[in-house]
file my_file27.pdb (PDB, N, CA and C atoms)
ATOM      1  N   MET A   1       0.844  -1.183   0.000  1.00  0.00           N
ATOM      2  CA  MET A   1       0.000   0.000   0.000  1.00  0.00           C
ATOM      3  C   MET A   1       0.885   1.241   0.000  1.00  0.00           C
ATOM      4  N   THR A   2       0.399   2.317  -0.643  1.00  0.00           N
ATOM      5  CA  THR A   2       1.186   3.530  -0.754  1.00  0.00           C
ATOM      6  C   THR A   2       0.445   4.708  -0.122  1.00  0.00           C
ATOM      7  N   ASP A   3       1.195   5.655   0.382  1.00  0.00           N
ATOM      8  CA  ASP A   3       0.605   6.864   0.936  1.00  0.00           C
ATOM      9  C   ASP A   3       0.570   7.991  -0.091  1.00  0.00           C
ATOM     10  N   ARG A   4       1.053   7.699  -1.285  1.00  0.00           N
ATOM     11  CA  ARG A   4       1.078   8.705  -2.347  1.00  0.00           C
ATOM     12  C   ARG A   4      -0.279   8.796  -3.030  1.00  0.00           C
ATOM     13  N   LEU A   5      -0.666  10.022  -3.378  1.00  0.00           N
ATOM     14  CA  LEU A   5      -1.883  10.221  -4.170  1.00  0.00           C
ATOM     15  C   LEU A   5      -1.601   9.737  -5.588  1.00  0.00           C
ATOM     16  N   GLN A   6      -2.527   8.971  -6.150  1.00  0.00           N
ATOM     17  CA  GLN A   6      -2.367   8.413  -7.483  1.00  0.00           C
ATOM     18  C   GLN A   6      -3.498   8.909  -8.385  1.00  0.00           C
ATOM     19  N   PRO A   7      -3.221   9.152  -9.667  1.00  0.00           N
ATOM     20  CA  PRO A   7      -4.310   9.468 -10.591  1.00  0.00           C
ATOM     21  C   PRO A   7      -5.331   8.327 -10.585  1.00  0.00           C
ATOM     22  N   PRO A   8      -6.612   8.641 -10.746  1.00  0.00           N
ATOM     23  CA  PRO A   8      -7.647   7.608 -10.651  1.00  0.00           C
ATOM     24  C   PRO A   8      -7.589   6.571 -11.754  1.00  0.00           C
ATOM     25  N   CYS A   9      -6.951   6.876 -12.877  1.00  0.00           N
ATOM     26  CA  CYS A   9      -6.819   5.908 -13.968  1.00  0.00           C
ATOM     27  C   CYS A   9      -5.741   6.405 -14.921  1.00  0.00           C
ATOM     28  N   GLY A  10      -5.335   5.543 -15.822  1.00  0.00           N
ATOM     29  CA  GLY A  10      -4.404   5.930 -16.861  1.00  0.00           C
ATOM     30  C   GLY A  10      -5.140   5.965 -18.189  1.00  0.00           C
ATOM     31  N   TYR A  11      -4.653   6.748 -19.123  1.00  0.00           N
ATOM     32  CA  TYR A  11      -5.250   6.787 -20.457  1.00  0.00           C
ATOM     33  C   TYR A  11      -4.206   7.310 -21.436  1.00  0.00           C
ATOM     34  N   GLN A  12      -4.423   7.020 -22.715  1.00  0.00           N
ATOM     35  CA  GLN A  12      -3.501   7.497 -23.735  1.00  0.00           C
ATOM     36  C   GLN A  12      -3.491   9.022 -23.708  1.00  0.00           C
ATOM     37  N   GLY A  13      -2.340   9.603 -23.564  1.00  0.00           N
ATOM     38  CA  GLY A  13      -2.212  11.053 -23.455  1.00  0.00           C
ATOM     39  C   GLY A  13      -2.110  11.543 -22.023  1.00  0.00           C
ATOM     40  N   GLY A  14      -2.383  10.661 -21.060  1.00  0.00           N
ATOM     41  CA  GLY A  14      -2.237  11.032 -19.659  1.00  0.00           C
ATOM     42  C   GLY A  14      -0.772  11.231 -19.299  1.00  0.00           C
ATOM     43  N   LYS A  15      -0.504  11.954 -18.252  1.00  0.00           N
ATOM     44  CA  LYS A  15       0.876  12.284 -17.875  1.00  0.00           C
ATOM     45  C   LYS A  15       1.362  11.561 -16.626  1.00  0.00           C
ATOM     46  N   SER A  16       0.698  10.476 -16.253  1.00  0.00           N
ATOM     47  CA  SER A  16       1.078   9.752 -15.041  1.00  0.00           C
ATOM     48  C   SER A  16       2.553   9.367 -15.028  1.00  0.00           C
ATOM     49  N   ARG A  17       3.044   8.859 -16.121  1.00  0.00           N
ATOM     50  CA  ARG A  17       4.450   8.406 -16.180  1.00  0.00           C
ATOM     51  C   ARG A  17       5.438   9.552 -16.234  1.00  0.00           C
ATOM     52  N   LEU A  18       4.988  10.723 -16.700  1.00  0.00           N
ATOM     53  CA  LEU A  18       5.885  11.866 -16.873  1.00  0.00           C
ATOM     54  C   LEU A  18       5.743  12.925 -15.793  1.00  0.00           C
ATOM     55  N   ALA A  19       4.800  12.755 -14.888  1.00  0.00           N
ATOM     56  CA  ALA A  19       4.480  13.808 -13.916  1.00  0.00           C
ATOM     57  C   ALA A  19       5.702  14.239 -13.106  1.00  0.00           C
ATOM     58  N   ALA A  20       6.501  13.305 -12.638  1.00  0.00           N
ATOM     59  CA  ALA A  20       7.673  13.673 -11.823  1.00  0.00           C
ATOM     60  C   ALA A  20       8.649  14.528 -12.625  1.00  0.00           C
ATOM     61  N   ALA A  21       8.915  14.157 -13.863  1.00  0.00           N
ATOM     62  CA  ALA A  21       9.831  14.929 -14.699  1.00  0.00           C
ATOM     63  C   ALA A  21       9.255  16.308 -15.025  1.00  0.00           C
ATOM     64  N   ILE A  22       7.947  16.375 -15.238  1.00  0.00           N
ATOM     65  CA  ILE A  22       7.308  17.665 -15.524  1.00  0.00           C
ATOM     66  C   ILE A  22       7.437  18.589 -14.311  1.00  0.00           C
ATOM     67  N   VAL A  23       7.167  18.072 -13.125  1.00  0.00           N
ATOM     68  CA  VAL A  23       7.277  18.884 -11.906  1.00  0.00           C
ATOM     69  C   VAL A  23       8.727  19.324 -11.695  1.00  0.00           C
ATOM     70  N   ASP A  24       9.681  18.428 -11.936  1.00  0.00           N
ATOM     71  CA  ASP A  24      11.096  18.807 -11.815  1.00  0.00           C
ATOM     72  C   ASP A  24      11.416  19.986 -12.732  1.00  0.00           C
ATOM     73  N   HIS A  25      10.921  19.937 -13.942  1.00  0.00           N
ATOM     74  CA  HIS A  25      11.212  20.972 -14.939  1.00  0.00           C
ATOM     75  C   HIS A  25      10.535  22.303 -14.592  1.00  0.00           C
ATOM     76  N   MET A  26       9.335  22.252 -14.028  1.00  0.00           N
ATOM     77  CA  MET A  26       8.572  23.472 -13.750  1.00  0.00           C
ATOM     78  C   MET A  26       9.118  24.265 -12.571  1.00  0.00           C
ATOM     79  N   GLN A  27       9.739  23.630 -11.613  1.00  0.00           N
ATOM     80  CA  GLN A  27      10.323  24.294 -10.444  1.00  0.00           C
ATOM     81  C   GLN A  27       9.335  25.283  -9.791  1.00  0.00           C
ATOM     82  N   ILE A  28       8.187  24.787  -9.399  1.00  0.00           N
ATOM     83  CA  ILE A  28       7.135  25.613  -8.819  1.00  0.00           C
ATOM     84  C   ILE A  28       7.399  25.850  -7.338  1.00  0.00           C
ATOM     85  N   ASP A  29       7.225  27.091  -6.916  1.00  0.00           N
ATOM     86  CA  ASP A  29       7.344  27.446  -5.499  1.00  0.00           C
ATOM     87  C   ASP A  29       6.292  26.656  -4.715  1.00  0.00           C
ATOM     88  N   PRO A  30       6.687  25.903  -3.678  1.00  0.00           N
ATOM     89  CA  PRO A  30       5.725  25.072  -2.949  1.00  0.00           C
ATOM     90  C   PRO A  30       4.644  25.854  -2.211  1.00  0.00           C
ATOM     91  N   ASP A  31       4.803  27.169  -2.075  1.00  0.00           N
ATOM     92  CA  ASP A  31       3.793  27.983  -1.410  1.00  0.00           C
ATOM     93  C   ASP A  31       2.945  28.787  -2.398  1.00  0.00           C
ATOM     94  N   ALA A  32       3.282  28.719  -3.682  1.00  0.00           N
ATOM     95  CA  ALA A  32       2.567  29.502  -4.691  1.00  0.00           C
ATOM     96  C   ALA A  32       1.307  28.779  -5.162  1.00  0.00           C
ATOM     97  N   PRO A  33       0.283  29.529  -5.537  1.00  0.00           N
ATOM     98  CA  PRO A  33      -0.899  28.894  -6.121  1.00  0.00           C
ATOM     99  C   PRO A  33      -0.515  28.185  -7.427  1.00  0.00           C
ATOM    100  N   TYR A  34      -1.187  27.094  -7.718  1.00  0.00           N
ATOM    101  CA  TYR A  34      -0.938  26.339  -8.945  1.00  0.00           C
ATOM    102  C   TYR A  34      -2.279  26.039  -9.597  1.00  0.00           C
ATOM    103  N   THR A  35      -2.408  26.354 -10.879  1.00  0.00           N
ATOM    104  CA  THR A  35      -3.617  26.056 -11.640  1.00  0.00           C
ATOM    105  C   THR A  35      -3.244  25.140 -12.783  1.00  0.00           C
ATOM    106  N   GLU A  36      -3.956  24.031 -12.887  1.00  0.00           N
ATOM    107  CA  GLU A  36      -3.718  23.077 -13.969  1.00  0.00           C
ATOM    108  C   GLU A  36      -4.919  23.104 -14.900  1.00  0.00           C
ATOM    109  N   LEU A  37      -4.699  23.606 -16.126  1.00  0.00           N
ATOM    110  CA  LEU A  37      -5.752  23.660 -17.132  1.00  0.00           C
ATOM    111  C   LEU A  37      -5.841  22.326 -17.854  1.00  0.00           C
ATOM    112  N   CYS A  38      -7.040  21.942 -18.252  1.00  0.00           N
ATOM    113  CA  CYS A  38      -7.260  20.650 -18.918  1.00  0.00           C
ATOM    114  C   CYS A  38      -6.636  19.554 -18.071  1.00  0.00           C
ATOM    115  N   CYS A  39      -7.030  19.508 -16.818  1.00  0.00           N
ATOM    116  CA  CYS A  39      -6.343  18.701 -15.809  1.00  0.00           C
ATOM    117  C   CYS A  39      -6.469  17.197 -16.008  1.00  0.00           C
ATOM    118  N   GLY A  40      -7.522  16.726 -16.642  1.00  0.00           N
ATOM    119  CA  GLY A  40      -7.686  15.281 -16.801  1.00  0.00           C
ATOM    120  C   GLY A  40      -7.606  14.583 -15.454  1.00  0.00           C
ATOM    121  N   THR A  41      -6.702  13.618 -15.331  1.00  0.00           N
ATOM    122  CA  THR A  41      -6.560  12.878 -14.077  1.00  0.00           C
ATOM    123  C   THR A  41      -5.675  13.600 -13.063  1.00  0.00           C
ATOM    124  N   ALA A  42      -5.251  14.800 -13.365  1.00  0.00           N
ATOM    125  CA  ALA A  42      -4.484  15.657 -12.446  1.00  0.00           C
ATOM    126  C   ALA A  42      -3.152  15.050 -12.018  1.00  0.00           C
ATOM    127  N   ALA A  43      -2.508  14.309 -12.906  1.00  0.00           N
ATOM    128  CA  ALA A  43      -1.254  13.637 -12.561  1.00  0.00           C
ATOM    129  C   ALA A  43      -0.182  14.620 -12.081  1.00  0.00           C
ATOM    130  N   VAL A  44      -0.066  15.763 -12.734  1.00  0.00           N
ATOM    131  CA  VAL A  44       0.966  16.735 -12.354  1.00  0.00           C
ATOM    132  C   VAL A  44       0.618  17.380 -11.013  1.00  0.00           C
ATOM    133  N   ALA A  45      -0.632  17.772 -10.830  1.00  0.00           N
ATOM    134  CA  ALA A  45      -1.050  18.377  -9.559  1.00  0.00           C
ATOM    135  C   ALA A  45      -0.882  17.390  -8.408  1.00  0.00           C
ATOM    136  N   LEU A  46      -1.233  16.131  -8.638  1.00  0.00           N
ATOM    137  CA  LEU A  46      -1.065  15.127  -7.585  1.00  0.00           C
ATOM    138  C   LEU A  46       0.407  14.925  -7.243  1.00  0.00           C
ATOM    139  N   GLU A  47       1.280  14.981  -8.244  1.00  0.00           N
ATOM    140  CA  GLU A  47       2.721  14.873  -7.976  1.00  0.00           C
ATOM    141  C   GLU A  47       3.183  16.049  -7.119  1.00  0.00           C
ATOM    142  N   LEU A  48       2.688  17.254  -7.426  1.00  0.00           N
ATOM    143  CA  LEU A  48       3.027  18.423  -6.597  1.00  0.00           C
ATOM    144  C   LEU A  48       2.594  18.200  -5.148  1.00  0.00           C
ATOM    145  N   LEU A  49       1.365  17.737  -4.966  1.00  0.00           N
ATOM    146  CA  LEU A  49       0.861  17.501  -3.610  1.00  0.00           C
ATOM    147  C   LEU A  49       1.662  16.418  -2.899  1.00  0.00           C
ATOM    148  N   ASN A  50       2.060  15.376  -3.621  1.00  0.00           N
ATOM    149  CA  ASN A  50       2.887  14.323  -3.032  1.00  0.00           C
ATOM    150  C   ASN A  50       4.238  14.852  -2.568  1.00  0.00           C
ATOM    151  N   ARG A  51       4.689  15.922  -3.190  1.00  0.00           N
ATOM    152  CA  ARG A  51       5.969  16.526  -2.812  1.00  0.00           C
ATOM    153  C   ARG A  51       5.813  17.588  -1.736  1.00  0.00           C
ATOM    154  N   GLY A  52       4.604  17.774  -1.243  1.00  0.00           N
ATOM    155  CA  GLY A  52       4.404  18.710  -0.145  1.00  0.00           C
ATOM    156  C   GLY A  52       3.975  20.105  -0.548  1.00  0.00           C
ATOM    157  N   HIS A  53       3.478  20.274  -1.755  1.00  0.00           N
ATOM    158  CA  HIS A  53       3.008  21.595  -2.187  1.00  0.00           C
ATOM    159  C   HIS A  53       1.970  22.110  -1.198  1.00  0.00           C
ATOM    160  N   ARG A  54       2.150  23.350  -0.737  1.00  0.00           N
ATOM    161  CA  ARG A  54       1.289  23.924   0.290  1.00  0.00           C
ATOM    162  C   ARG A  54       0.366  25.010  -0.251  1.00  0.00           C
ATOM    163  N   GLY A  55       0.617  25.473  -1.476  1.00  0.00           N
ATOM    164  CA  GLY A  55      -0.212  26.528  -2.054  1.00  0.00           C
ATOM    165  C   GLY A  55      -1.541  25.984  -2.547  1.00  0.00           C
ATOM    166  N   LEU A  56      -2.446  26.889  -2.854  1.00  0.00           N
ATOM    167  CA  LEU A  56      -3.754  26.529  -3.394  1.00  0.00           C
ATOM    168  C   LEU A  56      -3.571  25.825  -4.737  1.00  0.00           C
ATOM    169  N   VAL A  57      -4.237  24.697  -4.925  1.00  0.00           N
ATOM    170  CA  VAL A  57      -4.193  23.963  -6.193  1.00  0.00           C
ATOM    171  C   VAL A  57      -5.591  24.027  -6.804  1.00  0.00           C
ATOM    172  N   THR A  58      -5.671  24.521  -8.046  1.00  0.00           N
ATOM    173  CA  THR A  58      -6.939  24.622  -8.756  1.00  0.00           C
ATOM    174  C   THR A  58      -6.869  23.761 -10.005  1.00  0.00           C
ATOM    175  N   LEU A  59      -7.861  22.881 -10.169  1.00  0.00           N
ATOM    176  CA  LEU A  59      -7.941  22.013 -11.336  1.00  0.00           C
ATOM    177  C   LEU A  59      -9.079  22.499 -12.216  1.00  0.00           C
ATOM    178  N   VAL A  60      -8.809  22.678 -13.516  1.00  0.00           N
ATOM    179  CA  VAL A  60      -9.795  23.206 -14.446  1.00  0.00           C
ATOM    180  C   VAL A  60      -9.939  22.242 -15.611  1.00  0.00           C
ATOM    181  N   ASP A  61     -11.164  21.824 -15.886  1.00  0.00           N
ATOM    182  CA  ASP A  61     -11.426  20.968 -17.038  1.00  0.00           C
ATOM    183  C   ASP A  61     -12.898  21.121 -17.398  1.00  0.00           C
ATOM    184  N   ALA A  62     -13.196  21.368 -18.663  1.00  0.00           N
ATOM    185  CA  ALA A  62     -14.578  21.580 -19.095  1.00  0.00           C
ATOM    186  C   ALA A  62     -15.329  20.273 -19.306  1.00  0.00           C
ATOM    187  N   GLY A  63     -14.629  19.150 -19.289  1.00  0.00           N
ATOM    188  CA  GLY A  63     -15.262  17.865 -19.537  1.00  0.00           C
ATOM    189  C   GLY A  63     -15.637  17.154 -18.251  1.00  0.00           C
ATOM    190  N   PRO A  64     -15.859  15.852 -18.355  1.00  0.00           N
ATOM    191  CA  PRO A  64     -16.269  15.078 -17.183  1.00  0.00           C
ATOM    192  C   PRO A  64     -15.234  15.079 -16.061  1.00  0.00           C
ATOM    193  N   TRP A  65     -13.960  15.247 -16.389  1.00  0.00           N
ATOM    194  CA  TRP A  65     -12.944  15.301 -15.324  1.00  0.00           C
ATOM    195  C   TRP A  65     -13.152  16.518 -14.447  1.00  0.00           C
ATOM    196  N   GLY A  66     -13.613  17.611 -15.017  1.00  0.00           N
ATOM    197  CA  GLY A  66     -13.902  18.792 -14.206  1.00  0.00           C
ATOM    198  C   GLY A  66     -14.971  18.516 -13.170  1.00  0.00           C
ATOM    199  N   MET A  67     -16.017  17.789 -13.584  1.00  0.00           N
ATOM    200  CA  MET A  67     -17.083  17.431 -12.641  1.00  0.00           C
ATOM    201  C   MET A  67     -16.559  16.473 -11.567  1.00  0.00           C
ATOM    202  N   PHE A  68     -15.711  15.526 -11.980  1.00  0.00           N
ATOM    203  CA  PHE A  68     -15.124  14.572 -11.027  1.00  0.00           C
ATOM    204  C   PHE A  68     -14.336  15.308  -9.953  1.00  0.00           C
ATOM    205  N   TRP A  69     -13.416  16.183 -10.359  1.00  0.00           N
ATOM    206  CA  TRP A  69     -12.564  16.877  -9.391  1.00  0.00           C
ATOM    207  C   TRP A  69     -13.355  17.861  -8.536  1.00  0.00           C
ATOM    208  N   ARG A  70     -14.437  18.444  -9.089  1.00  0.00           N
ATOM    209  CA  ARG A  70     -15.287  19.329  -8.282  1.00  0.00           C
ATOM    210  C   ARG A  70     -15.907  18.532  -7.125  1.00  0.00           C
ATOM    211  N   GLU A  71     -16.393  17.327  -7.431  1.00  0.00           N
ATOM    212  CA  GLU A  71     -16.988  16.490  -6.373  1.00  0.00           C
ATOM    213  C   GLU A  71     -15.946  16.026  -5.370  1.00  0.00           C
ATOM    214  N   VAL A  72     -14.758  15.682  -5.846  1.00  0.00           N
ATOM    215  CA  VAL A  72     -13.683  15.276  -4.924  1.00  0.00           C
ATOM    216  C   VAL A  72     -13.369  16.437  -3.978  1.00  0.00           C
ATOM    217  N   GLY A  73     -13.208  17.635  -4.546  1.00  0.00           N
ATOM    218  CA  GLY A  73     -12.880  18.802  -3.733  1.00  0.00           C
ATOM    219  C   GLY A  73     -13.961  19.176  -2.743  1.00  0.00           C
ATOM    220  N   ALA A  74     -15.208  18.925  -3.126  1.00  0.00           N
ATOM    221  CA  ALA A  74     -16.328  19.243  -2.238  1.00  0.00           C
ATOM    222  C   ALA A  74     -16.587  18.151  -1.210  1.00  0.00           C
ATOM    223  N   GLY A  75     -15.912  17.015  -1.379  1.00  0.00           N
ATOM    224  CA  GLY A  75     -16.112  15.899  -0.463  1.00  0.00           C
ATOM    225  C   GLY A  75     -17.391  15.137  -0.715  1.00  0.00           C
ATOM    226  N   THR A  76     -17.941  15.277  -1.932  1.00  0.00           N
ATOM    227  CA  THR A  76     -19.199  14.586  -2.241  1.00  0.00           C
ATOM    228  C   THR A  76     -19.027  13.410  -3.180  1.00  0.00           C
ATOM    229  N   PHE A  77     -17.808  13.129  -3.637  1.00  0.00           N
ATOM    230  CA  PHE A  77     -17.601  11.988  -4.536  1.00  0.00           C
ATOM    231  C   PHE A  77     -17.675  10.696  -3.743  1.00  0.00           C
ATOM    232  N   ASP A  78     -18.483   9.761  -4.250  1.00  0.00           N
ATOM    233  CA  ASP A  78     -18.645   8.485  -3.571  1.00  0.00           C
ATOM    234  C   ASP A  78     -18.085   7.374  -4.450  1.00  0.00           C
TER     235      ASP A  78
END
call {"tool": "encode", "arguments": {"input": "my_file27.pdb", "output": "structure tokens"}}
result
Amino acid sequence: MTDRLQPPCGYQGGKSRLAAAIVDHMQIDPDAPYTELCCGTAAVALELLNRGHRGLVTLVDAGPWGMFWREVGAGTFD
């Protein structure tokens, strides 16, 4: 079992395998707000959180992933 947050699924075009390298390259301040557009499974945002990111994280997606993350954030996803 792992204590790391994991994307809910993988899909072609998802960034689960590349998230660590993307976060390394971005060098984001751990206290700065972070917004991920077209977030999908939020692989990059989850990697930031796994590394201790303390700033506000906002996930934006106009499709079904946006609805999924809204429910997760509101604590209503079952």
call {"tool": "resolve_selection", "arguments": {"input": "my_file27.pdb", "expression": "the PyMOL selection byres ((chain A and resi 43-59) around 6)", "output": "PyMOL selection string"}}
result
chain A and resi 4-5+7+15-16+19+30-37+39-42+60-61
call {"tool": "select_by_dssp", "arguments": {"input": "my_file27.pdb", "residues": "chain A", "states": "strand (DSSP E)", "output": "list in words"}}
result
Tyr34, Thr35, Glu36, Leu37, Val57, Thr58, Leu59 and Val60 of chain A
call {"tool": "select_by_dssp", "arguments": {"input": "my_file27.pdb", "residues": "chain A", "states": "alpha helix (DSSP H)", "output": "VMD selection string"}}
result
chain A and resid 19 to 26 43 to 50 64 to 74
call {"tool": "write_last_selection", "arguments": {"input": "my_file27.pdb", "atoms": "N, CA and C atoms", "output": "mmCIF file, keeping the file's coordinate frame"}}
result
data_model
loop_
_atom_site.group_PDB
_atom_site.id
_atom_site.type_symbol
_atom_site.label_atom_id
_atom_site.label_comp_id
_atom_site.auth_asym_id
_atom_site.auth_seq_id
_atom_site.Cartn_x
_atom_site.Cartn_y
_atom_site.Cartn_z
ATOM 1 N N ALA A 19 4.800 12.755 -14.888
ATOM 2 C CA ALA A 19 4.480 13.808 -13.916
ATOM 3 C C ALA A 19 5.702 14.239 -13.106
ATOM 4 N N ALA A 20 6.501 13.305 -12.638
ATOM 5 C CA ALA A 20 7.673 13.673 -11.823
ATOM 6 C C ALA A 20 8.649 14.528 -12.625
ATOM 7 N N ALA A 21 8.915 14.157 -13.863
ATOM 8 C CA ALA A 21 9.831 14.929 -14.699
ATOM 9 C C ALA A 21 9.255 16.308 -15.025
ATOM 10 N N ILE A 22 7.947 16.375 -15.238
ATOM 11 C CA ILE A 22 7.308 17.665 -15.524
ATOM 12 C C ILE A 22 7.437 18.589 -14.311
ATOM 13 N N VAL A 23 7.167 18.072 -13.125
ATOM 14 C CA VAL A 23 7.277 18.884 -11.906
ATOM 15 C C VAL A 23 8.727 19.324 -11.695
ATOM 16 N N ASP A 24 9.681 18.428 -11.936
ATOM 17 C CA ASP A 24 11.096 18.807 -11.815
ATOM 18 C C ASP A 24 11.416 19.986 -12.732
ATOM 19 N N HIS A 25 10.921 19.937 -13.942
ATOM 20 C CA HIS A 25 11.212 20.972 -14.939
ATOM 21 C C HIS A 25 10.535 22.303 -14.592
ATOM 22 N N MET A 26 9.335 22.252 -14.028
ATOM 23 C CA MET A 26 8.572 23.472 -13.750
ATOM 24 C C MET A 26 9.118 24.265 -12.571
ATOM 25 N N ALA A 43 -2.508 14.309 -12.906
ATOM 26 C CA ALA A 43 -1.254 13.637 -12.561
ATOM 27 C C ALA A 43 -0.182 14.620 -12.081
ATOM 28 N N VAL A 44 -0.066 15.763 -12.734
ATOM 29 C CA VAL A 44 0.966 16.735 -12.354
ATOM 30 C C VAL A 44 0.618 17.380 -11.013
ATOM 31 N N ALA A 45 -0.632 17.772 -10.830
ATOM 32 C CA ALA A 45 -1.050 18.377 -9.559
ATOM 33 C C ALA A 45 -0.882 17.390 -8.408
ATOM 34 N N LEU A 46 -1.233 16.131 -8.638
ATOM 35 C CA LEU A 46 -1.065 15.127 -7.585
ATOM 36 C C LEU A 46 0.407 14.925 -7.243
ATOM 37 N N GLU A 47 1.280 14.981 -8.244
ATOM 38 C CA GLU A 47 2.721 14.873 -7.976
ATOM 39 C C GLU A 47 3.183 16.049 -7.119
ATOM 40 N N LEU A 48 2.688 17.254 -7.426
ATOM 41 C CA LEU A 48 3.027 18.423 -6.597
ATOM 42 C C LEU A 48 2.594 18.200 -5.148
ATOM 43 N N LEU A 49 1.365 17.737 -4.966
ATOM 44 C CA LEU A 49 0.861 17.501 -3.610
ATOM 45 C C LEU A 49 1.662 16.418 -2.899
ATOM 46 N N ASN A 50 2.060 15.376 -3.621
ATOM 47 C CA ASN A 50 2.887 14.323 -3.032
ATOM 48 C C ASN A 50 4.238 14.852 -2.568
ATOM 49 N N PRO A 64 -15.859 15.852 -18.355
ATOM 50 C CA PRO A 64 -16.269 15.078 -17.183
ATOM 51 C C PRO A 64 -15.234 15.079 -16.061
ATOM 52 N N TRP A 65 -13.960 15.247 -16.389
ATOM 53 C CA TRP A 65 -12.944 15.301 -15.324
ATOM 54 C C TRP A 65 -13.152 16.518 -14.447
ATOM 55 N N GLY A 66 -13.613 17.611 -15.017
ATOM 56 C CA GLY A 66 -13.902 18.792 -14.206
ATOM 57 C C GLY A 66 -14.971 18.516 -13.170
ATOM 58 N N MET A 67 -16.017 17.789 -13.584
ATOM 59 C CA MET A 67 -17.083 17.431 -12.641
ATOM 60 C C MET A 67 -16.559 16.473 -11.567
ATOM 61 N N PHE A 68 -15.711 15.526 -11.980
ATOM 62 C CA PHE A 68 -15.124 14.572 -11.027
ATOM 63 C C PHE A 68 -14.336 15.308 -9.953
ATOM 64 N N TRP A 69 -13.416 16.183 -10.359
ATOM 65 C CA TRP A 69 -12.564 16.877 -9.391
ATOM 66 C C TRP A 69 -13.355 17.861 -8.536
ATOM 67 N N ARG A 70 -14.437 18.444 -9.089
ATOM 68 C CA ARG A 70 -15.287 19.329 -8.282
ATOM 69 C C ARG A 70 -15.907 18.532 -7.125
ATOM 70 N N GLU A 71 -16.393 17.327 -7.431
ATOM 71 C CA GLU A 71 -16.988 16.490 -6.373
ATOM 72 C C GLU A 71 -15.946 16.026 -5.370
ATOM 73 N N VAL A 72 -14.758 15.682 -5.846
ATOM 74 C CA VAL A 72 -13.683 15.276 -4.924
ATOM 75 C C VAL A 72 -13.369 16.437 -3.978
ATOM 76 N N GLY A 73 -13.208 17.635 -4.546
ATOM 77 C CA GLY A 73 -12.880 18.802 -3.733
ATOM 78 C C GLY A 73 -13.961 19.176 -2.743
ATOM 79 N N ALA A 74 -15.208 18.925 -3.126
ATOM 80 C CA ALA A 74 -16.328 19.243 -2.238
ATOM 81 C C ALA A 74 -16.587 18.151 -1.210
#
call {"tool": "closest_residue", "arguments": {"input": "my_file27.pdb", "among": "A:Ala20, A:Ala62, A:Arg70, A:Asp3", "to": "A:Cys38", "atoms": "only C-alpha atoms"}}
result
A:Ala62
call {"tool": "atom_distance", "arguments": {"input": "my_file27.pdb", "atom1": "atom CA of A:Gly14", "atom2": "atom CA of A:Pro64"}}
result
14.8 Å
call {"tool": "build_atoms", "arguments": {"input": "my_file27.pdb", "residues": "stretch 1-11 of chain A", "atoms": "N, CA, C and O atoms", "output": "mmCIF file, keeping the file's coordinate frame"}}
result
data_model
loop_
_atom_site.group_PDB
_atom_site.id
_atom_site.type_symbol
_atom_site.label_atom_id
_atom_site.label_comp_id
_atom_site.auth_asym_id
_atom_site.auth_seq_id
_atom_site.Cartn_x
_atom_site.Cartn_y
_atom_site.Cartn_z
ATOM 1 N N MET A 1 0.844 -1.183 0.000
ATOM 2 C CA MET A 1 0.000 0.000 0.000
ATOM 3 C C MET A 1 0.885 1.241 0.000
ATOM 4 O O MET A 1 1.957 1.263 0.581
ATOM 5 N N THR A 2 0.399 2.317 -0.643
ATOM 6 C CA THR A 2 1.186 3.530 -0.754
ATOM 7 C C THR A 2 0.445 4.708 -0.122
ATOM 8 O O THR A 2 -0.782 4.745 -0.097
ATOM 9 N N ASP A 3 1.195 5.655 0.382
ATOM 10 C CA ASP A 3 0.605 6.864 0.936
ATOM 11 C C ASP A 3 0.570 7.991 -0.091
ATOM 12 O O ASP A 3 0.144 9.085 0.216
ATOM 13 N N ARG A 4 1.053 7.699 -1.285
ATOM 14 C CA ARG A 4 1.078 8.705 -2.347
ATOM 15 C C ARG A 4 -0.279 8.796 -3.030
ATOM 16 O O ARG A 4 -0.947 7.803 -3.233
ATOM 17 N N LEU A 5 -0.666 10.022 -3.378
ATOM 18 C CA LEU A 5 -1.883 10.221 -4.170
ATOM 19 C C LEU A 5 -1.601 9.737 -5.588
ATOM 20 O O LEU A 5 -0.556 10.048 -6.162
ATOM 21 N N GLN A 6 -2.527 8.971 -6.150
ATOM 22 C CA GLN A 6 -2.367 8.413 -7.483
ATOM 23 C C GLN A 6 -3.498 8.909 -8.385
ATOM 24 O O GLN A 6 -4.635 9.039 -7.919
ATOM 25 N N PRO A 7 -3.221 9.152 -9.667
ATOM 26 C CA PRO A 7 -4.310 9.468 -10.591
ATOM 27 C C PRO A 7 -5.331 8.327 -10.585
ATOM 28 O O PRO A 7 -4.960 7.163 -10.413
ATOM 29 N N PRO A 8 -6.612 8.641 -10.746
ATOM 30 C CA PRO A 8 -7.647 7.608 -10.651
ATOM 31 C C PRO A 8 -7.589 6.571 -11.754
ATOM 32 O O PRO A 8 -8.129 5.474 -11.599
ATOM 33 N N CYS A 9 -6.951 6.876 -12.877
ATOM 34 C CA CYS A 9 -6.819 5.908 -13.968
ATOM 35 C C CYS A 9 -5.741 6.405 -14.921
ATOM 36 O O CYS A 9 -5.274 7.525 -14.816
ATOM 37 N N GLY A 10 -5.335 5.543 -15.822
ATOM 38 C CA GLY A 10 -4.404 5.930 -16.861
ATOM 39 C C GLY A 10 -5.140 5.965 -18.189
ATOM 40 O O GLY A 10 -6.157 5.306 -18.362
ATOM 41 N N TYR A 11 -4.653 6.748 -19.123
ATOM 42 C CA TYR A 11 -5.250 6.787 -20.457
ATOM 43 C C TYR A 11 -4.206 7.310 -21.436
ATOM 44 O O TYR A 11 -3.230 7.945 -21.036
#
